Structure formats: C-alpha cells, structure tokens
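Scroll down for the structure; my scribbles are underneath it.
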Amino acid sequence: HYFIQSNLRRKSPVAEYKMSLRFQWKLFMLLTCCCTTIMLSWYFYNSTQPVIMNRVTLDMSLVLSLADLDQTQKAIQTRIKETRQEKTYTEHCQKSFYFSNISTILTNIPKSGSTNWKKYLSIANGDEMKPNTGSALRDQRILRREVSLKHGLKLGRNPGILNGNVTLVIMRNPWTRIVSGYKDTLVRLNASKHFVPIRSQIIEEMRSVSAGVGPEYENIPTFKEFVAWLVAHGGKVDRHYAPQSYLMCLRHIHYDLVVPLEYAAQYKDLISDRIGADIEVTGSYDGRDAKSQSSTIDAMKWLPELDEELVEKLYEIFKSDFNIMKYSNFTGADFPYPRLS
C-alpha cells in the first residue's frame, strides 16, 4: 500500500528537475547572504580596531642609515629652535649626567629609558659596575647612586662644561610615557614610597574623599582620574609625568643628539660614532617592536575610552613633546613611532 501511494504522489521528472533548480537557487542565495554578512562583519570590526602595521613593513621602516639619522637630527634641531623661540615650554631643567671619559652629557628624563641609558653610558665610560646581585631593581638603584655621585651635574654651577662635549637626551612618545608612568608608579603596589602621597592626592582631588579609607585597591586612582589630575595641574606635576620639554634644558643646552626611544637600537651606531665608544643597547626598545610593548597596547585601549575634550586638553599640555619629535597619535597606524622623514 505504501509503495502504491508513494508512486501515485511521485512527481514527473520535469517537476522534480524544476524543484531541484529552485532548491539550488535558494541554497545559492542563502550561502551568498551568509558570506556577505560575514564579510561586512569583518569589515566593520576591522574599521573600529587600531591599524597594526604588517611586521615586514614595520621592519623595513626601521632600516635607517646613519645619513638618514643625521639628517633627521637637523630637522629635530630646527623644531627645538622653534619651540625655544615660541617659548611653548616651562623649563625645569632635569639633572644631567656627565661622563668625562667619553665627553658626554645625558639629560635624564624619567620614563624615557633614562635608567638604561645611564647604564649604557657608564659602561662605555669605563665605570666599574657592582656585581650582579640577582635583583634588577636593586642593580638599577646601585647604578643610580653611583652615577649620581660620580657624574651628577648642575649646569648653573658648571656652564663651561658644555663646551667640547656631546649632549644627549632620550625622548619617548608622550602617550606611551603617560601610560607607563601611571602603571609603574600608581598602579604597582610595590612602587616607591615616593608615589604614595601622589596617589593619595589624586584620589582626594578627583573623588573629594580622604585617601586611605577602604581596601588598598580602592586607593588606586583610575587612568581617567590620573589624566584629569594631570590636566587640572597643567602638567606641572611630578617629573615622572611632566612633559619632556619641561625637563630638557632647552635654554642652556644645544643638544647634539635627541634620540627617540622607539628607535634606540637604530641610533646606537650614530651615538657610538659621535662619542667614540661602543654603546650596547640591551634594555627596553633594544630592537624589539615598540608596538608590542604593554604601554603601547594599553595606550591604544585606554586613551580612546576617555572624553575627547579631556584628551584634547592633555594633548595641549604635551604639545611641545609631540612637535619636537613629530610623534604619531594613538589612533595612527605608525603609533608609537615618530615620523622621522
């Protein structure tokens, strides 16, 4: 009975062929819609994400000859001269270090690789470094004490010492420096006691409450509170967060070399050539991709979350830093590199 009924219901070959065509068309349209949806989703996702340069392209951009770097320095010197003429900086003149054997003066700017660079120049200068104690932080403190005692330099007392010496300063993208300063000094609970009052000050000013009440993690300011505090004080705060142009001795020193930390490894040969001694760059930004640094990643994540007006005010405070090195914005494909060309 089932066999007879199924044969009676069976459609003609022409009808079955038409049905198969209709099914194939519906299947084709369904697959087309699915593919289009996936492609549009991928496009909109990528359009909202920071553009990351291809690794090969990035490596090619880092291949700079000594002539390129030397030419870049001339452009940087021109921009520093403009900054000096416009008086768009407030000079605090951070302590500089004098390395007599290699006739080099380094102006120290916190959170711009200064500890590592003092170490590089101390080794090139022939200073005896204390044995490795197994603790990197301890070694850095020992190094800082040695360099400060041996080579601490007050320009006001030694104006003639600038003659015949190579003057050097290391700069860093202001956005990554701000993020790094926040993380290392305010978020890290084992940071120096020097920053505890600053942490409390930010909380008291931004939250209008007394610090020290509640769990310890609640006494850590948010990144937004930190930025709002920087803006409220116009950048005239602790040297770890102040604009780099505030800390450079622009009025007194004509810097021979202004080196972007992001290209430290590329500038190694040029610096070695100028001071007549080999420099070994073995710390941060020693040839590794600056885009992969945690401060770069956090900057691309945290800064877009801030109010646009707040970011604009922050940029105005650090405008001289951006202008001197032509640093890229956190929304740019080349962030955090300077535009050297």
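By order in the structure tokens, chains are A, B, ...; within a chain, residues start at 1; ligands start at 1, following the order shown.
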* **Asp269 (chain A) environment, 9 Å, only C-alpha atoms, sequence neighbours closer than 4 positions dropped, as a ChimeraX atom specification** => /A:66,265,273-274,278-279
Expected file: the selected residues, C-alpha atoms, as a CSV table (one decimal), in the first residue's frame:
chain,number,residue,atom,x,y,z
A,66,LEU,CA,73.5,56.9,9.5
A,265,ALA,CA,68.7,50.4,18.6
A,273,ASP,CA,80.3,57.2,16.3
A,274,ARG,CA,79.7,60.6,18.0
A,278,ASP,CA,80.7,51.4,21.5
A,279,ILE,CA,77.2,51.5,23.1
Using DSSP on the backbone coordinates, identify the residues of region 238-331 of chain A assigned to alpha helix (DSSP H); present them as a compact mmCIF listing (two decimals) with N, CA and C atoms, in the first residue's frame.
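Below is the file selection-v3.txt, written as the result:
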# COMPACT_ATOMS: atom_id res chain seq x y z
N GLN A 244 58.21 66.24 28.64
CA GLN A 244 59.66 66.09 28.49
C GLN A 244 60.32 67.43 28.16
N SER A 245 59.61 68.29 27.43
CA SER A 245 60.17 69.61 27.13
C SER A 245 60.33 70.45 28.38
N TYR A 246 59.58 70.14 29.45
CA TYR A 246 59.76 70.83 30.73
C TYR A 246 61.10 70.44 31.36
N LEU A 247 61.50 69.18 31.12
CA LEU A 247 62.66 68.62 31.80
C LEU A 247 63.96 68.78 31.02
N ALA A 264 65.88 53.51 19.49
CA ALA A 264 67.14 53.49 20.25
C ALA A 264 68.17 52.57 19.61
N ALA A 265 67.74 51.39 19.19
CA ALA A 265 68.69 50.44 18.60
C ALA A 265 69.25 50.96 17.29
N GLN A 266 68.41 51.67 16.51
CA GLN A 266 68.87 52.20 15.23
C GLN A 266 69.86 53.35 15.43
N TYR A 267 69.71 54.09 16.51
CA TYR A 267 70.59 55.23 16.78
C TYR A 267 71.89 54.80 17.46
N LYS A 268 71.99 53.54 17.85
CA LYS A 268 73.16 53.07 18.59
C LYS A 268 74.46 53.38 17.87
N ASP A 269 74.51 53.07 16.58
CA ASP A 269 75.76 53.28 15.82
C ASP A 269 76.08 54.76 15.68
N LEU A 270 75.04 55.59 15.48
CA LEU A 270 75.28 57.03 15.36
C LEU A 270 75.82 57.60 16.66
N ILE A 271 75.24 57.18 17.79
CA ILE A 271 75.73 57.66 19.10
C ILE A 271 77.14 57.17 19.34
N SER A 272 77.40 55.90 19.05
CA SER A 272 78.75 55.35 19.23
C SER A 272 79.77 56.12 18.40
N ASP A 273 79.38 56.49 17.17
CA ASP A 273 80.26 57.24 16.29
C ASP A 273 80.54 58.63 16.86
N ARG A 274 79.51 59.27 17.42
CA ARG A 274 79.68 60.63 17.95
C ARG A 274 80.56 60.66 19.20
N ILE A 275 80.38 59.67 20.10
CA ILE A 275 81.11 59.73 21.36
C ILE A 275 82.43 58.94 21.30
N SER A 294 53.72 46.68 26.29
CA SER A 294 52.45 46.72 27.01
C SER A 294 51.91 48.14 27.13
N SER A 295 52.79 49.12 27.27
CA SER A 295 52.33 50.51 27.39
C SER A 295 51.69 50.99 26.09
N THR A 296 52.20 50.51 24.95
CA THR A 296 51.60 50.86 23.66
C THR A 296 50.22 50.25 23.53
N ILE A 297 50.11 48.98 23.88
CA ILE A 297 48.82 48.27 23.79
C ILE A 297 47.79 48.91 24.72
N ASP A 298 48.21 49.23 25.94
CA ASP A 298 47.28 49.85 26.90
C ASP A 298 46.89 51.26 26.46
N ALA A 299 47.83 51.98 25.86
CA ALA A 299 47.51 53.34 25.39
C ALA A 299 46.44 53.29 24.30
N MET A 300 46.55 52.32 23.37
CA MET A 300 45.55 52.20 22.31
C MET A 300 44.20 51.76 22.86
N LYS A 301 44.22 51.14 24.03
CA LYS A 301 42.96 50.68 24.63
C LYS A 301 42.35 51.75 25.54
N TRP A 302 43.17 52.40 26.36
CA TRP A 302 42.65 53.31 27.39
C TRP A 302 42.34 54.71 26.87
N GLU A 308 36.71 63.03 24.68
CA GLU A 308 37.51 63.68 23.63
C GLU A 308 38.06 65.02 24.10
N GLU A 309 37.26 65.76 24.85
CA GLU A 309 37.70 67.07 25.36
C GLU A 309 38.88 66.92 26.31
N LEU A 310 38.84 65.87 27.15
CA LEU A 310 39.92 65.62 28.10
C LEU A 310 41.21 65.27 27.36
N VAL A 311 41.10 64.46 26.31
CA VAL A 311 42.28 64.09 25.52
C VAL A 311 42.87 65.31 24.83
N GLU A 312 42.02 66.20 24.33
CA GLU A 312 42.49 67.42 23.67
C GLU A 312 43.27 68.30 24.66
N LYS A 313 42.77 68.43 25.86
CA LYS A 313 43.46 69.24 26.89
C LYS A 313 44.80 68.60 27.26
N LEU A 314 44.82 67.27 27.33
CA LEU A 314 46.06 66.57 27.65
C LEU A 314 47.08 66.78 26.53
N TYR A 315 46.61 66.71 25.29
CA TYR A 315 47.50 66.92 24.14
C TYR A 315 48.12 68.32 24.18
N GLU A 316 47.33 69.33 24.52
CA GLU A 316 47.83 70.70 24.57
C GLU A 316 48.98 70.83 25.56
N ILE A 317 48.91 70.09 26.67
CA ILE A 317 49.97 70.14 27.67
C ILE A 317 51.26 69.55 27.12
N LYS A 319 52.05 69.24 23.91
CA LYS A 319 52.16 69.62 22.51
C LYS A 319 53.61 69.80 22.07
N SER A 320 54.43 70.41 22.92
CA SER A 320 55.84 70.62 22.56
C SER A 320 56.56 69.30 22.35
N ASP A 321 56.26 68.30 23.18
CA ASP A 321 56.88 66.98 23.02
C ASP A 321 56.52 66.38 21.67
N PHE A 322 55.24 66.48 21.31
CA PHE A 322 54.80 65.94 20.03
C PHE A 322 55.47 66.68 18.87
N ASN A 323 55.58 68.00 18.97
CA ASN A 323 56.13 68.79 17.88
C ASN A 323 57.62 68.54 17.66
N ILE A 324 58.37 68.42 18.74
CA ILE A 324 59.81 68.24 18.63
C ILE A 324 60.14 66.96 17.85
N MET A 325 59.46 65.89 18.16
CA MET A 325 59.78 64.60 17.56
C MET A 325 58.77 64.16 16.50
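You can rank A:Tyr182, A:Tyr98, A:Trp175, A:Phe330 by their closest distance to Trp229 (chain A) using only C-alpha atoms, and at the top of that list sits A:Tyr182.
Between CA of Asn165 (chain A) and CA of Thr104 (chain A) the interatomic distance comes to 5.3 Å.
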* Write out as a PyMOL selection string all residues of region 197-262 of chain A that backbone DSSP assigns to strand (DSSP E or B). => chain A and resi 257-260
Taking 6 positions as the minimum chain separation for residues in the same chain, which residues sit within 8 Å of Leu257 (chain A) when counting only C-alpha atoms? Answer as a compact mmCIF listing (two decimals) with C-alpha atoms, in the first residue's frame.
# COMPACT_ATOMS: atom_id res chain seq x y z
CA GLN A 73 68.66 65.27 13.77
CA VAL A 166 78.38 65.58 23.17
CA THR A 167 74.99 66.44 24.65
CA LEU A 168 72.31 63.77 24.52
CA VAL A 169 68.68 63.37 25.55
CA ILE A 271 75.73 57.66 19.10
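For the residues A:Arg188, A:Lys224, A:Lys95, A:His240, ranking by smallest atom-to-atom distance to Ser112 (chain A) using only C-alpha atoms places A:His240 first.
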